[in-house]
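> Here it is, the structure, as structure tokens.
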Amino acid sequence: MNKYKDKVVLVTGASRGIGKAILNKFAKHGAFVIGTATTETSADIITKNVTADNNTGIGLVLNIADKLSINDFSHKLKDLNAPCILINNAGITCDNLLMRMKDDEWEKVINTNLTGMFHVTRLCMRAMMKQRYGRIINISSVVGLSGNPGQSNYSASKAGMLGFTRSLAREVGSRGITVNAVAPGFISTEMTDELTDDIRDSILNQIPLARLGHPEEIANVVDFLSSDQAAYITGQTISVNGGMYMG
Ligand code: NAP
């Protein structure tokens, strides 16, 4: 029950979907959770939800694609105990075939998914190095491994996260910090609600387990990678995709 007592956990993009499931999992297991959202309203809802369940934590505003917002967030973080577990979950899609992709569609996805993760991770590093303990888990995607037509921007950002994960794991392993990635397949959230019925059917045909995943199924793996049982796992990418891609 109190597996994460005395641990401070930061989950980016915790207002809904996978991030919310991850935040709830840590809160339930006794961590002090910091969940971020891009608006005050959503951040307040995170705070209310966490405290309503008699758990401890707070929702804070953070736009990981905006340096000013990251700066504001870093000041608010100073008033709290530094996170020793960081879940880089916030991410977006902006799909288009490459021939039609606008600069803005490319930049917005790379700036959020890849550069945003870099900024938030750097912000949390010093305290983890001092504590000689840390867990960093980056939420990538099956399409960062397999590729997907119409998602060259998203796929590049998610594959980039995997290179980042492996390099950082080598940098900080001697300080007791593990860095891993989780690559979800298609999970039932607002992100996949946008899919048309035709695309959804064609995706289901590629999944041996013949269903979309649930956000809690990603949270379970994040929980394991954050636990003491996973202390000797670093630099890895764990696929949670119903068998959709077996690379
Ligand atoms: P979602 O339901 O669309 O939620 C995205 C979350 O990211 C929201 O909390 C959102 O906050 C936050 N966010 C968006 N832009 C942000 C920004 N610029 N700065 C900070 N936060 C931002 O997505 P999801 O399906 O739960 O996906 C979560 C992660 O899993 C993403 O990285 C996604 O790429 C990855 N993933 C998802 C699937 C899937 O099938 N769903 C599959 C593979 C990988 P607001 O509510 O404030 O906008």
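By order of appearance in the structure tokens: chains A, B, ..., then residues from 1 within every chain, and ligands from 1 in the order shown.
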Would you list the contacts of stretch 18-20 of chain A as a PyMOL selection string, taking every protein, DNA or RNA residue within 7 Å and counting only C-alpha atoms, but skipping same-chain residues closer than 6 positions in sequence?

chain A and resi 11-12+89+215+218

> Next, write the just-selected residues to a file, as a short mmCIF file (atom, residue, chain, number, x, y, z; two decimals), in the first residue's frame, keeping C-alpha atoms as the atom set.


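The resulting file, result_35.cif, is shown below:
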data_model
loop_
_atom_site.label_atom_id
_atom_site.label_comp_id
_atom_site.auth_asym_id
_atom_site.auth_seq_id
_atom_site.Cartn_x
_atom_site.Cartn_y
_atom_site.Cartn_z
CA VAL A 11 4.11 12.92 -13.99
CA THR A 12 3.82 15.28 -16.97
CA ASN A 89 4.37 11.23 -20.34
CA PRO A 215 -4.22 3.19 -19.55
CA ILE A 218 0.72 1.10 -19.00
#

> Dump the neighbourhood of ligand 1 as a PyMOL selection string: all residues within 6 Å, distances computed on only C-alpha atoms and all ligand atoms.

chain A and resi 12-19+37-39+62-65+89-92+112+139-141+184-192

> Mind dumping the selected residues with C-alpha atoms as a PDB file, in the first residue's frame?


ATOM      1  CA  THR A  12       3.822  15.284 -16.973  1.00  0.00           C
ATOM      2  CA  GLY A  13       0.486  15.347 -18.805  1.00  0.00           C
ATOM      3  CA  ALA A  14      -1.454  13.876 -15.879  1.00  0.00           C
ATOM      4  CA  SER A  15      -4.844  15.454 -16.641  1.00  0.00           C
ATOM      5  CA  ARG A  16      -6.164  12.481 -18.596  1.00  0.00           C
ATOM      6  CA  GLY A  17      -5.414   9.206 -20.338  1.00  0.00           C
ATOM      7  CA  ILE A  18      -2.195   7.357 -19.564  1.00  0.00           C
ATOM      8  CA  GLY A  19      -0.689  10.122 -17.394  1.00  0.00           C
ATOM      9  CA  ALA A  37      -1.602  19.974 -17.083  1.00  0.00           C
ATOM     10  CA  THR A  38      -1.483  22.843 -19.569  1.00  0.00           C
ATOM     11  CA  THR A  39      -4.287  24.874 -17.938  1.00  0.00           C
ATOM     12  CA  LEU A  62       3.226  23.186 -17.283  1.00  0.00           C
ATOM     13  CA  ASN A  63       3.525  23.531 -21.032  1.00  0.00           C
ATOM     14  CA  ILE A  64       6.633  21.516 -21.859  1.00  0.00           C
ATOM     15  CA  ALA A  65       6.892  23.163 -25.284  1.00  0.00           C
ATOM     16  CA  ASN A  89       4.366  11.230 -20.341  1.00  0.00           C
ATOM     17  CA  ALA A  90       3.070  14.465 -21.951  1.00  0.00           C
ATOM     18  CA  GLY A  91       2.869  14.149 -25.709  1.00  0.00           C
ATOM     19  CA  ILE A  92       0.913  15.119 -28.799  1.00  0.00           C
ATOM     20  CA  THR A 112       6.709  18.932 -27.288  1.00  0.00           C
ATOM     21  CA  ILE A 139       6.572   7.184 -22.441  1.00  0.00           C
ATOM     22  CA  SER A 140       7.482   6.546 -26.066  1.00  0.00           C
ATOM     23  CA  SER A 141       5.300   4.639 -28.544  1.00  0.00           C
ATOM     24  CA  PRO A 184       2.645   1.593 -25.587  1.00  0.00           C
ATOM     25  CA  GLY A 185       0.697   0.219 -28.522  1.00  0.00           C
ATOM     26  CA  PHE A 186      -2.783   1.597 -29.146  1.00  0.00           C
ATOM     27  CA  ILE A 187      -4.328   2.527 -25.811  1.00  0.00           C
ATOM     28  CA  SER A 188      -7.881   3.698 -25.305  1.00  0.00           C
ATOM     29  CA  THR A 189      -7.548   7.447 -24.516  1.00  0.00           C
ATOM     30  CA  GLU A 190      -8.607  10.783 -26.035  1.00  0.00           C
ATOM     31  CA  MET A 191      -5.588  10.487 -28.355  1.00  0.00           C
ATOM     32  CA  THR A 192      -6.968   7.306 -29.954  1.00  0.00           C
TER      33      THR A 192
END

> Looking only at strand (DSSP E or B) from DSSP on the backbone, list the matching residues of stretch 6-220 of chain A as a CSV table (one decimal) with all heavy atoms, in the first residue's frame.


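Contents of part-v1.csv, freshly written:
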chain,number,residue,atom,x,y,z
A,8,VAL,N,8.7,11.4,-4.0
A,8,VAL,CA,8.0,12.4,-4.7
A,8,VAL,C,8.0,12.1,-6.2
A,8,VAL,O,9.1,11.8,-6.7
A,8,VAL,CB,8.6,13.8,-4.5
A,8,VAL,CG1,7.9,14.9,-5.3
A,8,VAL,CG2,8.6,14.2,-3.0
A,9,VAL,N,6.9,12.0,-6.8
A,9,VAL,CA,6.8,11.6,-8.2
A,9,VAL,C,6.2,12.7,-9.1
A,9,VAL,O,5.2,13.2,-8.8
A,9,VAL,CB,5.9,10.3,-8.3
A,9,VAL,CG1,5.8,9.8,-9.7
A,9,VAL,CG2,6.3,9.2,-7.4
A,10,LEU,N,6.9,13.0,-10.2
A,10,LEU,CA,6.4,14.0,-11.1
A,10,LEU,C,5.9,13.3,-12.4
A,10,LEU,O,6.7,12.5,-13.0
A,10,LEU,CB,7.5,15.0,-11.5
A,10,LEU,CG,7.3,15.9,-12.6
A,10,LEU,CD1,6.0,16.8,-12.4
A,10,LEU,CD2,8.5,16.8,-12.8
A,11,VAL,N,4.7,13.5,-12.8
A,11,VAL,CA,4.1,12.9,-14.0
A,11,VAL,C,3.7,14.1,-14.9
A,11,VAL,O,2.8,14.9,-14.5
A,11,VAL,CB,2.9,12.0,-13.7
A,11,VAL,CG1,2.4,11.4,-15.0
A,11,VAL,CG2,3.2,11.0,-12.7
A,32,PHE,N,4.0,11.2,-2.8
A,32,PHE,CA,3.5,12.6,-3.0
A,32,PHE,C,3.6,12.8,-4.5
A,32,PHE,O,4.7,12.8,-5.1
A,32,PHE,CB,4.4,13.6,-2.2
A,32,PHE,CG,3.8,15.0,-2.4
A,32,PHE,CD1,2.9,15.5,-1.5
A,32,PHE,CD2,4.3,15.8,-3.5
A,32,PHE,CE1,2.4,16.8,-1.7
A,32,PHE,CE2,3.8,17.1,-3.7
A,32,PHE,CZ,2.9,17.6,-2.8
A,33,VAL,N,2.4,13.0,-5.1
A,33,VAL,CA,2.5,13.1,-6.6
A,33,VAL,C,2.3,14.6,-7.1
A,33,VAL,O,1.5,15.4,-6.5
A,33,VAL,CB,1.3,12.3,-7.2
A,33,VAL,CG1,1.6,10.8,-7.1
A,33,VAL,CG2,0.0,12.6,-6.7
A,34,ILE,N,3.1,14.9,-8.1
A,34,ILE,CA,3.0,16.2,-8.8
A,34,ILE,C,2.5,15.9,-10.2
A,34,ILE,O,3.3,15.2,-11.0
A,34,ILE,CB,4.3,17.0,-8.8
A,34,ILE,CG1,4.8,17.2,-7.4
A,34,ILE,CG2,4.1,18.3,-9.5
A,34,ILE,CD1,6.3,17.6,-7.3
A,35,GLY,N,1.3,16.3,-10.5
A,35,GLY,CA,0.8,16.0,-11.9
A,35,GLY,C,0.6,17.3,-12.6
A,35,GLY,O,0.2,18.3,-12.1
A,36,THR,N,1.0,17.3,-13.9
A,36,THR,CA,0.9,18.6,-14.6
A,36,THR,C,-0.1,18.6,-15.7
A,36,THR,O,-0.5,17.5,-16.2
A,36,THR,CB,2.3,19.0,-15.3
A,36,THR,OG1,2.5,18.2,-16.5
A,36,THR,CG2,3.5,18.8,-14.3
A,37,ALA,N,-0.6,19.8,-16.0
A,37,ALA,CA,-1.6,20.0,-17.1
A,37,ALA,C,-1.3,21.3,-17.7
A,37,ALA,O,-0.6,22.1,-17.1
A,37,ALA,CB,-3.0,20.0,-16.5
A,56,THR,N,-1.8,12.3,-1.3
A,56,THR,CA,-1.1,13.6,-1.2
A,56,THR,C,-0.5,13.9,-2.5
A,56,THR,O,0.0,13.1,-3.3
A,56,THR,CB,0.1,13.5,-0.2
A,56,THR,OG1,0.9,12.5,-0.5
A,56,THR,CG2,-0.5,13.3,1.2
A,57,GLY,N,-0.6,15.2,-2.9
A,57,GLY,CA,-0.1,15.7,-4.1
A,57,GLY,C,-0.7,16.9,-4.6
A,57,GLY,O,-1.5,17.5,-3.9
A,58,ILE,N,-0.3,17.4,-5.8
A,58,ILE,CA,-0.7,18.7,-6.3
A,58,ILE,C,-0.7,18.6,-7.8
A,58,ILE,O,0.1,17.9,-8.4
A,58,ILE,CB,0.2,19.8,-5.7
A,58,ILE,CG1,-0.3,21.2,-6.1
A,58,ILE,CG2,1.6,19.6,-6.2
A,58,ILE,CD1,0.4,22.3,-5.3
A,59,GLY,N,-1.6,19.4,-8.4
A,59,GLY,CA,-1.6,19.6,-9.9
A,59,GLY,C,-0.9,21.0,-10.1
A,59,GLY,O,-1.2,22.0,-9.5
A,60,LEU,N,-0.1,21.0,-11.1
A,60,LEU,CA,0.6,22.3,-11.5
A,60,LEU,C,0.5,22.5,-13.0
A,60,LEU,O,0.5,21.5,-13.7
A,60,LEU,CB,2.1,22.3,-11.1
A,60,LEU,CG,2.4,22.2,-9.6
A,60,LEU,CD1,3.9,22.1,-9.4
A,60,LEU,CD2,1.9,23.4,-8.8
A,61,VAL,N,0.5,23.8,-13.4
A,61,VAL,CA,0.5,24.1,-14.8
A,61,VAL,C,1.9,24.0,-15.4
A,61,VAL,O,2.9,24.4,-14.8
A,61,VAL,CB,0.0,25.6,-15.0
A,61,VAL,CG1,0.1,25.9,-16.5
A,61,VAL,CG2,-1.4,25.7,-14.6
A,85,ILE,N,11.3,10.4,-8.8
A,85,ILE,CA,10.7,9.6,-9.8
A,85,ILE,C,10.1,10.5,-10.9
A,85,ILE,O,9.2,11.3,-10.5
A,85,ILE,CB,9.7,8.6,-9.3
A,85,ILE,CG1,10.4,7.6,-8.3
A,85,ILE,CG2,9.1,7.7,-10.5
A,85,ILE,CD1,9.4,6.6,-7.6
A,86,LEU,N,10.5,10.4,-12.1
A,86,LEU,CA,10.0,11.3,-13.1
A,86,LEU,C,9.4,10.5,-14.3
A,86,LEU,O,10.1,9.6,-14.8
A,86,LEU,CB,11.1,12.2,-13.7
A,86,LEU,CG,10.8,12.9,-15.0
A,86,LEU,CD1,9.7,13.9,-14.8
A,86,LEU,CD2,12.1,13.6,-15.6
A,87,ILE,N,8.1,10.8,-14.6
A,87,ILE,CA,7.5,10.1,-15.7
A,87,ILE,C,7.2,11.1,-16.8
A,87,ILE,O,6.3,12.0,-16.7
A,87,ILE,CB,6.2,9.4,-15.3
A,87,ILE,CG1,6.3,8.7,-13.9
A,87,ILE,CG2,5.7,8.5,-16.4
A,87,ILE,CD1,7.3,7.6,-13.9
A,88,ASN,N,8.0,11.0,-17.9
A,88,ASN,CA,7.8,11.9,-19.0
A,88,ASN,C,6.7,11.4,-19.9
A,88,ASN,O,7.0,10.5,-20.8
A,88,ASN,CB,9.2,12.1,-19.8
A,88,ASN,CG,10.1,13.0,-19.1
A,88,ASN,OD1,9.8,14.1,-18.8
A,88,ASN,ND2,11.4,12.5,-18.9
A,134,GLY,N,17.2,7.6,-8.3
A,134,GLY,CA,16.2,8.2,-9.2
A,134,GLY,C,15.7,7.1,-10.2
A,134,GLY,O,16.3,6.1,-10.4
A,135,ARG,N,14.5,7.4,-10.6
A,135,ARG,CA,13.8,6.6,-11.7
A,135,ARG,C,13.3,7.6,-12.7
A,135,ARG,O,12.5,8.5,-12.4
A,135,ARG,CB,12.6,5.8,-11.1
A,135,ARG,CG,13.0,4.8,-10.0
A,135,ARG,CD,13.5,3.5,-10.7
A,135,ARG,NE,13.7,2.4,-9.8
A,135,ARG,CZ,14.8,2.2,-9.2
A,135,ARG,NH1,15.9,2.9,-9.4
A,135,ARG,NH2,14.9,1.2,-8.3
A,136,ILE,N,13.7,7.4,-14.0
A,136,ILE,CA,13.1,8.2,-15.0
A,136,ILE,C,12.5,7.2,-16.1
A,136,ILE,O,13.2,6.3,-16.5
A,136,ILE,CB,14.2,9.0,-15.7
A,136,ILE,CG1,14.9,10.0,-14.7
A,136,ILE,CG2,13.7,9.8,-16.9
A,136,ILE,CD1,16.1,10.7,-15.2
A,137,ILE,N,11.2,7.5,-16.4
A,137,ILE,CA,10.5,6.6,-17.3
A,137,ILE,C,9.9,7.5,-18.4
A,137,ILE,O,9.1,8.4,-18.1
A,137,ILE,CB,9.5,5.7,-16.6
A,137,ILE,CG1,10.3,4.8,-15.6
A,137,ILE,CG2,8.7,4.9,-17.6
A,137,ILE,CD1,9.4,4.2,-14.6
A,138,ASN,N,10.3,7.2,-19.6
A,138,ASN,CA,9.9,8.0,-20.8
A,138,ASN,C,8.8,7.2,-21.5
A,138,ASN,O,9.0,6.1,-21.9
A,138,ASN,CB,11.1,8.3,-21.6
A,138,ASN,CG,12.1,9.1,-20.9
A,138,ASN,OD1,11.8,10.0,-20.1
A,138,ASN,ND2,13.4,8.8,-21.1
A,139,ILE,N,7.6,7.9,-21.7
A,139,ILE,CA,6.6,7.2,-22.4
A,139,ILE,C,6.7,7.5,-23.9
A,139,ILE,O,6.4,8.5,-24.4
A,139,ILE,CB,5.2,7.6,-21.9
A,139,ILE,CG1,5.1,7.5,-20.4
A,139,ILE,CG2,4.1,6.8,-22.6
A,139,ILE,CD1,5.3,6.1,-19.8
A,177,ILE,N,20.6,6.0,-10.6
A,177,ILE,CA,19.5,6.4,-11.3
A,177,ILE,C,19.2,5.5,-12.5
A,177,ILE,O,20.2,5.3,-13.3
A,177,ILE,CB,19.7,7.9,-11.8
A,177,ILE,CG1,20.0,8.8,-10.6
A,177,ILE,CG2,18.4,8.3,-12.6
A,177,ILE,CD1,20.4,10.2,-11.1
A,178,THR,N,18.0,4.9,-12.6
A,178,THR,CA,17.7,4.1,-13.8
A,178,THR,C,16.9,5.0,-14.8
A,178,THR,O,16.1,5.8,-14.4
A,178,THR,CB,17.0,2.8,-13.5
A,178,THR,OG1,15.7,3.1,-12.9
A,178,THR,CG2,17.8,2.0,-12.5
A,179,VAL,N,17.1,4.7,-16.1
A,179,VAL,CA,16.3,5.4,-17.1
A,179,VAL,C,15.8,4.4,-18.1
A,179,VAL,O,16.6,3.7,-18.7
A,179,VAL,CB,17.2,6.4,-17.8
A,179,VAL,CG1,16.4,7.4,-18.7
A,179,VAL,CG2,18.1,7.3,-16.9
A,180,ASN,N,14.5,4.3,-18.2
A,180,ASN,CA,13.9,3.3,-19.1
A,180,ASN,C,12.7,4.0,-19.9
A,180,ASN,O,12.3,5.1,-19.6
A,180,ASN,CB,13.3,2.2,-18.3
A,180,ASN,CG,14.4,1.3,-17.7
A,180,ASN,OD1,15.2,0.6,-18.4
A,180,ASN,ND2,14.6,1.4,-16.4
A,181,ALA,N,12.3,3.3,-20.9
A,181,ALA,CA,11.2,3.8,-21.7
A,181,ALA,C,10.1,2.7,-21.8
A,181,ALA,O,10.4,1.5,-21.7
A,181,ALA,CB,11.7,4.1,-23.2
A,182,VAL,N,8.9,3.2,-21.9
A,182,VAL,CA,7.8,2.2,-22.1
A,182,VAL,C,7.2,2.6,-23.5
A,182,VAL,O,7.0,3.8,-23.8
A,182,VAL,CB,6.7,2.4,-21.0
A,182,VAL,CG1,5.4,1.6,-21.4
A,182,VAL,CG2,7.3,2.0,-19.7
A,183,ALA,N,7.0,1.6,-24.3
A,183,ALA,CA,6.4,1.9,-25.7
A,183,ALA,C,5.0,1.3,-25.8
A,183,ALA,O,4.9,0.1,-26.1
A,183,ALA,CB,7.4,1.3,-26.7
A,184,PRO,N,4.0,2.1,-25.5
A,184,PRO,CA,2.6,1.6,-25.6
A,184,PRO,C,2.2,1.4,-27.0
A,184,PRO,O,2.7,2.1,-27.9
A,184,PRO,CB,1.8,2.7,-25.0
A,184,PRO,CG,2.7,3.7,-24.3
A,184,PRO,CD,4.0,3.5,-25.0
A,187,ILE,N,-3.7,2.5,-27.1
A,187,ILE,CA,-4.3,2.5,-25.8
A,187,ILE,C,-5.6,3.4,-25.9
A,187,ILE,O,-5.6,4.4,-26.6
A,187,ILE,CB,-3.4,3.1,-24.7
A,187,ILE,CG1,-2.0,2.4,-24.8
A,187,ILE,CG2,-4.0,3.0,-23.3
A,187,ILE,CD1,-2.0,0.9,-24.5
A,213,GLY,N,-5.4,-1.3,-25.7
A,213,GLY,CA,-5.0,-1.5,-24.3
A,213,GLY,C,-5.7,-0.5,-23.4
A,213,GLY,O,-6.3,0.5,-23.9

> Using only C-alpha atoms, which protein or nucleic acid residues come within 9 Å of A:Asp95? Drop anything in the same chain fewer than 5 positions from it, and give the result as a list in words.

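Using only C-alpha atoms, the neighbours found are Met101, Glu105, Pro149, Gly150, Gln151, Ser152, Asn153 and Tyr154 of chain A.
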
> To one decimal place, how far is atom CA of A:Asn2 from atom CA of A:Cys84 in Å?

16.0 Å

> Taking the DSSP secondary structure from the backbone, can you list the residues of stretch 55-238 of chain A that are alpha helix (DSSP H), as a PyMOL selection string?

chain A and resi 67-78+103-109+116-131+143-146+152-172+190-193+197-204+215-226

> Choose the residue, out of A:Gly147, A:Ser227, A:Ala21, A:Val222, that has the smallest atom-to-atom separation from A:Lys5; count only C-alpha atoms.

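For A:Lys5, the nearest of the candidates is A:Ser227.
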
> Excluding same-chain residues fewer than 5 positions from A:Gly173, what lies within 10 Å of it counting only C-alpha atoms, as a PyMOL selection string?

chain A and resi 129+132-134+168+178-179+232+234-235

> Please dump the current selection as a PDB file, in the first residue's frame; keep N, CA and C atoms.


ATOM      1  N   MET A 129      20.783  13.277  -8.711  1.00  0.00           N
ATOM      2  CA  MET A 129      22.220  12.990  -8.590  1.00  0.00           C
ATOM      3  C   MET A 129      22.645  13.129  -7.126  1.00  0.00           C
ATOM      4  N   ARG A 132      21.482  10.380  -5.047  1.00  0.00           N
ATOM      5  CA  ARG A 132      22.031   9.106  -5.537  1.00  0.00           C
ATOM      6  C   ARG A 132      20.932   8.064  -5.704  1.00  0.00           C
ATOM      7  N   TYR A 133      19.795   8.565  -6.136  1.00  0.00           N
ATOM      8  CA  TYR A 133      18.669   7.669  -6.396  1.00  0.00           C
ATOM      9  C   TYR A 133      17.736   8.350  -7.398  1.00  0.00           C
ATOM     10  N   GLY A 134      17.232   7.603  -8.325  1.00  0.00           N
ATOM     11  CA  GLY A 134      16.226   8.174  -9.229  1.00  0.00           C
ATOM     12  C   GLY A 134      15.676   7.132 -10.181  1.00  0.00           C
ATOM     13  N   LEU A 168      21.191   8.578 -21.596  1.00  0.00           N
ATOM     14  CA  LEU A 168      21.116   9.072 -20.216  1.00  0.00           C
ATOM     15  C   LEU A 168      21.333   7.921 -19.223  1.00  0.00           C
ATOM     16  N   THR A 178      18.034   4.948 -12.643  1.00  0.00           N
ATOM     17  CA  THR A 178      17.725   4.140 -13.821  1.00  0.00           C
ATOM     18  C   THR A 178      16.861   4.957 -14.776  1.00  0.00           C
ATOM     19  N   VAL A 179      17.050   4.709 -16.062  1.00  0.00           N
ATOM     20  CA  VAL A 179      16.307   5.434 -17.103  1.00  0.00           C
ATOM     21  C   VAL A 179      15.788   4.402 -18.098  1.00  0.00           C
ATOM     22  N   TYR A 232      17.737  -3.256 -11.265  1.00  0.00           N
ATOM     23  CA  TYR A 232      18.841  -3.632 -12.165  1.00  0.00           C
ATOM     24  C   TYR A 232      18.431  -3.533 -13.643  1.00  0.00           C
ATOM     25  N   THR A 234      17.980  -0.929 -16.669  1.00  0.00           N
ATOM     26  CA  THR A 234      18.144   0.452 -17.155  1.00  0.00           C
ATOM     27  C   THR A 234      18.482   0.465 -18.645  1.00  0.00           C
ATOM     28  N   GLY A 235      18.088   1.554 -19.287  1.00  0.00           N
ATOM     29  CA  GLY A 235      18.366   1.721 -20.722  1.00  0.00           C
ATOM     30  C   GLY A 235      17.467   0.876 -21.617  1.00  0.00           C
TER      31      GLY A 235
END

> Out of A:Ile70, A:Ile238, A:Leu204, A:Leu98, which residue has the shortest atom-to-atom distance to A:Gly116 when counting only C-alpha atoms?

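The answer is A:Ile70, which sits nearest to A:Gly116.
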
> Could you name the residues that touch A:Asp66 at 12 Å or less, counting only C-alpha atoms, but leaving out those on the same chain fewer than 5 positions away, as a ChimeraX atom specification?

/A:38,61,71-73,108,111-113,115-117,119-120

> Which is closest to A:His29 among A:Asp223, A:Leu114, A:Gln229, A:Gly163, if we use only C-alpha atoms?

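Closest candidate: A:Asp223.
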
> Could you jot down the atom CA of A:Arg211 to atom CA of A:Gly242 separation for me, Å, one decimal place?

7.6 Å

> Separation of atom CA of A:Ala82 and atom CA of A:Ile110, in Å?

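Atom-to-atom, atom CA of A:Ala82 to atom CA of A:Ile110, that is 26.7 Å.
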
> Can you work out which one of A:Leu123, A:His214, A:Leu195, A:Trp106 has the shortest atom-to-atom distance to A:His75, counting only C-alpha atoms?

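With only C-alpha atoms as the atom set, the closest residue is A:Leu123.
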
> So, counting only C-alpha atoms, which residue among A:Met125, A:Ala27, A:Val142, A:Val240 is closest to A:Met161?

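The closest residue to A:Met161 is A:Val142.
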